[in-house]
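Trainee: First the structure, then my questions, so here it is.
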Amino acid sequence: MKKEESTKFLKLRLAEALIQMMHEQSYESINISAVCERAGVGRTTYYRHFDTKGGKEELLVFKLVSEWKSYEEKHREEKEKDWTKLFLGFVYENRELLRLMYRSGLVTAIMRAFDELSDWKEEKNSAYLRAFFVYGFFGVVYQWIRYDFDETPEQIVRHTAEAVLHAAQERAGQQAGAENGG
C-alpha cells in the first residue's frame, strides 16, 4: 500500500471509530486516546497526522470529503448533467453523519467540509462567486439539517429554484418601480 493510501486508510479508520463513539456518547466527552483504541491505531500515529485541538473535527471533515470524492467518482455522468441534484443526493445519503455533526455543535466543520468539496480554483477573479455558491449551498443544507431532512433532494432542488426565481422577480419589480418613480 502506498503511503498516501495508508494514510487515508488510517484517517478513515479513526473517523469511523469517532463516529461510532458519537452514537454512544457526547462529542465533548470523547477523547483521542479512546478513538485511537477503538480504531486500533496508536496515539503516535494519530498525532503524526493531526494536532490536539482540532483533530476530531479534522477527522470528520476528512470523512465527508473522502466520501464525496468516492460518490462523485461513482456518479461521473450524473455530475455532468446536474451537479446540484448529485450533491444533494450525496448530502441525503450522508444525513446521519451530518445530523451527528449538527447535534454536536460542529456546524463550522460542516461548512469547512463544503469549502473543501469545491473543486473551483482559488483564483481571485472567481473567489467571490465560488464563496457565493459554496456558502449558499451550505445555507440550504444547513436548513435541511435543521428540518431533519424531512424532504427529498428533488424537493430541495425545487424549493431552491422557486426561491431564486421569486427573489429575481421581486428584485425586477423593485427596479421597475424605481425606474417609474415609485
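Just remember, in the C-alpha cells the first chain shown is A, the second B, etc., residues are 1-based per chain, and ligands are 1-based in the order shown.
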Could you pull the residues within 9 Å of Asp148 of chain A, counting only C-alpha atoms, minus those fewer than 4 positions along the same chain, as a list in words?

Mentor: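 Here the answer would be Arg95, Arg99, Gln143 and Trp144 of chain A.
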
Trainee: Based on the selection just made, write N, CA, C and O atoms of those residues as a compact mmCIF listing (two decimals), in the first residue's frame.

Mentor:
# COMPACT_ATOMS: atom_id res chain seq x y z
N ARG A 95 -26.76 11.87 5.54
CA ARG A 95 -27.51 12.68 6.51
C ARG A 95 -27.27 12.27 7.96
O ARG A 95 -27.30 13.11 8.85
N ARG A 99 -26.25 14.91 10.67
CA ARG A 99 -27.07 15.08 11.88
C ARG A 99 -26.20 15.01 13.13
O ARG A 99 -26.33 15.83 14.04
N GLN A 143 -30.28 24.45 6.56
CA GLN A 143 -31.72 24.48 6.83
C GLN A 143 -32.32 23.08 6.72
O GLN A 143 -33.17 22.68 7.52
N TRP A 144 -31.87 22.34 5.74
CA TRP A 144 -32.35 20.97 5.54
C TRP A 144 -32.01 20.11 6.76
O TRP A 144 -32.83 19.31 7.21

Trainee: Please give the complete set of residues from segment 23-165 of chain A that DSSP, run on the backbone, assigns to alpha helix (DSSP H), formatted as a VMD selection string.

Mentor: chain A and resid 23 to 24 32 to 39 43 to 49 55 to 74 76 to 81 83 to 93 95 to 103 107 to 117 124 to 146 153 to 165

Trainee: Rounded to one decimal, what separation in Å do you get between atom CA of Lys69 of chain A and atom CA of Ser26 of chain A?

Mentor: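 Separating atom CA of Lys69 of chain A from atom CA of Ser26 of chain A is a distance of 28.1 Å.
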
Trainee: Do you have the atom CA of His166 of chain A-atom CA of Phe90 of chain A distance handy?

Mentor: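 That distance, rounded to one decimal, is 26.6 Å.
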
Trainee: One number please: atom CA of Tyr142 of chain A to atom CA of Ile32 of chain A, in Å, one decimal.

Mentor: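 Atom-to-atom, atom CA of Tyr142 of chain A and atom CA of Ile32 of chain A are spaced 27.5 Å apart.
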
Trainee: Nearest residue to Leu97 of chain A out of A:Val157, A:Ala39, A:Ile145, A:Leu14, using only C-alpha atoms?

Mentor: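 Once distances to Leu97 of chain A are computed over only C-alpha atoms, the minimum belongs to A:Ile145.
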
Trainee: Kindly indicate which residue among A:Gly55, A:Glu77, A:Arg146, A:Tyr92 lies nearest to Ala109 of chain A, using only C-alpha atoms for the distances.

Mentor: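 Checking each of A:Gly55, A:Glu77, A:Arg146, A:Tyr92 against Ala109 of chain A, counting only C-alpha atoms, the winner is A:Gly55.
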
Trainee: Skip segment 119-136 of chain A itself and residues of its chain fewer than 3 positions away, then list as a PDB file with N, CA, C and O atoms, in the first residue's frame all residues within 12 Å of it, counting only C-alpha atoms.

Mentor:
ATOM      1  N   VAL A  65     -15.230  14.697   3.054  1.00  0.00           N
ATOM      2  CA  VAL A  65     -14.549  14.978   1.786  1.00  0.00           C
ATOM      3  C   VAL A  65     -14.217  13.677   1.062  1.00  0.00           C
ATOM      4  O   VAL A  65     -14.430  13.550  -0.147  1.00  0.00           O
ATOM      5  N   TRP A  68     -17.360  12.219  -0.408  1.00  0.00           N
ATOM      6  CA  TRP A  68     -17.776  12.962  -1.596  1.00  0.00           C
ATOM      7  C   TRP A  68     -16.951  12.545  -2.805  1.00  0.00           C
ATOM      8  O   TRP A  68     -17.492  12.321  -3.883  1.00  0.00           O
ATOM      9  N   LYS A  69     -15.647  12.415  -2.635  1.00  0.00           N
ATOM     10  CA  LYS A  69     -14.788  12.039  -3.762  1.00  0.00           C
ATOM     11  C   LYS A  69     -15.176  10.668  -4.312  1.00  0.00           C
ATOM     12  O   LYS A  69     -15.227  10.473  -5.525  1.00  0.00           O
ATOM     13  N   GLU A  72     -18.677  11.079  -6.004  1.00  0.00           N
ATOM     14  CA  GLU A  72     -18.529  11.818  -7.254  1.00  0.00           C
ATOM     15  C   GLU A  72     -17.940  10.920  -8.347  1.00  0.00           C
ATOM     16  O   GLU A  72     -18.374  10.960  -9.494  1.00  0.00           O
ATOM     17  N   THR A  84     -26.037  19.894  -8.939  1.00  0.00           N
ATOM     18  CA  THR A  84     -26.830  20.227  -7.751  1.00  0.00           C
ATOM     19  C   THR A  84     -27.582  19.011  -7.237  1.00  0.00           C
ATOM     20  O   THR A  84     -27.535  18.694  -6.049  1.00  0.00           O
ATOM     21  N   PHE A  87     -25.108  16.526  -5.769  1.00  0.00           N
ATOM     22  CA  PHE A  87     -24.599  16.949  -4.473  1.00  0.00           C
ATOM     23  C   PHE A  87     -25.643  16.758  -3.379  1.00  0.00           C
ATOM     24  O   PHE A  87     -25.341  16.253  -2.298  1.00  0.00           O
ATOM     25  N   THR A 108     -19.510  24.585  11.968  1.00  0.00           N
ATOM     26  CA  THR A 108     -18.372  25.147  11.233  1.00  0.00           C
ATOM     27  C   THR A 108     -17.538  24.052  10.567  1.00  0.00           C
ATOM     28  O   THR A 108     -16.951  24.285   9.508  1.00  0.00           O
ATOM     29  N   ILE A 110     -18.846  21.336   9.256  1.00  0.00           N
ATOM     30  CA  ILE A 110     -19.622  21.024   8.045  1.00  0.00           C
ATOM     31  C   ILE A 110     -19.315  22.077   6.981  1.00  0.00           C
ATOM     32  O   ILE A 110     -19.084  21.750   5.816  1.00  0.00           O
ATOM     33  N   MET A 111     -19.292  23.339   7.392  1.00  0.00           N
ATOM     34  CA  MET A 111     -19.002  24.420   6.457  1.00  0.00           C
ATOM     35  C   MET A 111     -17.599  24.262   5.865  1.00  0.00           C
ATOM     36  O   MET A 111     -17.406  24.436   4.658  1.00  0.00           O
ATOM     37  N   ARG A 112     -16.628  23.904   6.682  1.00  0.00           N
ATOM     38  CA  ARG A 112     -15.267  23.693   6.182  1.00  0.00           C
ATOM     39  C   ARG A 112     -15.222  22.534   5.185  1.00  0.00           C
ATOM     40  O   ARG A 112     -14.513  22.597   4.180  1.00  0.00           O
ATOM     41  N   ALA A 113     -15.976  21.483   5.468  1.00  0.00           N
ATOM     42  CA  ALA A 113     -16.023  20.352   4.542  1.00  0.00           C
ATOM     43  C   ALA A 113     -16.595  20.806   3.201  1.00  0.00           C
ATOM     44  O   ALA A 113     -16.054  20.458   2.143  1.00  0.00           O
ATOM     45  N   PHE A 114     -17.659  21.595   3.230  1.00  0.00           N
ATOM     46  CA  PHE A 114     -18.246  22.095   1.989  1.00  0.00           C
ATOM     47  C   PHE A 114     -17.225  22.916   1.212  1.00  0.00           C
ATOM     48  O   PHE A 114     -17.147  22.827  -0.008  1.00  0.00           O
ATOM     49  N   ASP A 115     -16.463  23.717   1.924  1.00  0.00           N
ATOM     50  CA  ASP A 115     -15.437  24.528   1.289  1.00  0.00           C
ATOM     51  C   ASP A 115     -14.409  23.627   0.606  1.00  0.00           C
ATOM     52  O   ASP A 115     -14.000  23.892  -0.525  1.00  0.00           O
ATOM     53  N   GLU A 116     -14.016  22.559   1.271  1.00  0.00           N
ATOM     54  CA  GLU A 116     -13.039  21.626   0.696  1.00  0.00           C
ATOM     55  C   GLU A 116     -13.627  20.800  -0.452  1.00  0.00           C
ATOM     56  O   GLU A 116     -12.888  20.341  -1.316  1.00  0.00           O
ATOM     57  N   GLY A 139     -25.841  26.992   3.260  1.00  0.00           N
ATOM     58  CA  GLY A 139     -27.039  27.541   3.894  1.00  0.00           C
ATOM     59  C   GLY A 139     -28.270  26.698   3.616  1.00  0.00           C
ATOM     60  O   GLY A 139     -29.082  26.438   4.517  1.00  0.00           O
ATOM     61  N   VAL A 140     -28.418  26.246   2.394  1.00  0.00           N
ATOM     62  CA  VAL A 140     -29.552  25.390   2.034  1.00  0.00           C
ATOM     63  C   VAL A 140     -29.482  24.078   2.813  1.00  0.00           C
ATOM     64  O   VAL A 140     -30.463  23.633   3.414  1.00  0.00           O
ATOM     65  N   VAL A 141     -28.312  23.469   2.822  1.00  0.00           N
ATOM     66  CA  VAL A 141     -28.147  22.188   3.526  1.00  0.00           C
ATOM     67  C   VAL A 141     -28.309  22.380   5.028  1.00  0.00           C
ATOM     68  O   VAL A 141     -28.916  21.542   5.709  1.00  0.00           O
ATOM     69  N   TYR A 142     -27.822  23.483   5.555  1.00  0.00           N
ATOM     70  CA  TYR A 142     -27.982  23.769   6.985  1.00  0.00           C
ATOM     71  C   TYR A 142     -29.470  23.788   7.364  1.00  0.00           C
ATOM     72  O   TYR A 142     -29.869  23.191   8.372  1.00  0.00           O
ATOM     73  N   GLN A 143     -30.284  24.453   6.556  1.00  0.00           N
ATOM     74  CA  GLN A 143     -31.719  24.475   6.834  1.00  0.00           C
ATOM     75  C   GLN A 143     -32.320  23.077   6.721  1.00  0.00           C
ATOM     76  O   GLN A 143     -33.171  22.679   7.522  1.00  0.00           O
ATOM     77  N   THR A 160     -35.435  25.499  -3.807  1.00  0.00           N
ATOM     78  CA  THR A 160     -34.358  26.455  -4.040  1.00  0.00           C
ATOM     79  C   THR A 160     -34.570  27.201  -5.354  1.00  0.00           C
ATOM     80  O   THR A 160     -34.440  28.426  -5.408  1.00  0.00           O
ATOM     81  N   VAL A 164     -35.164  31.263  -5.692  1.00  0.00           N
ATOM     82  CA  VAL A 164     -34.304  32.117  -6.509  1.00  0.00           C
ATOM     83  C   VAL A 164     -35.138  32.853  -7.552  1.00  0.00           C
ATOM     84  O   VAL A 164     -34.975  34.065  -7.759  1.00  0.00           O
TER      85      VAL A 164
END

Trainee: Counting only C-alpha atoms, what is within 9 Å of Gly40 of chain A, bar same-chain residues fewer than 4 positions away, as a list in words?

Mentor: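 That gives Arg13, Leu14, Val35 and Cys36 of chain A.
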
Trainee: Might you pull out every residue within 10 Å of Glu67 of chain A, with only C-alpha atoms counted and same-chain residues fewer than 5 positions away left off, and present them as a VMD selection string?

Mentor: chain A and resid 12 61 to 62 72 to 73 90 94

Trainee: For His23 of chain A, which of A:Arg48, A:Arg103, A:Lys56, A:Arg171 is the closest residue, counting only C-alpha atoms?

Mentor: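 Result for the nearest residue to His23 of chain A: A:Arg103.
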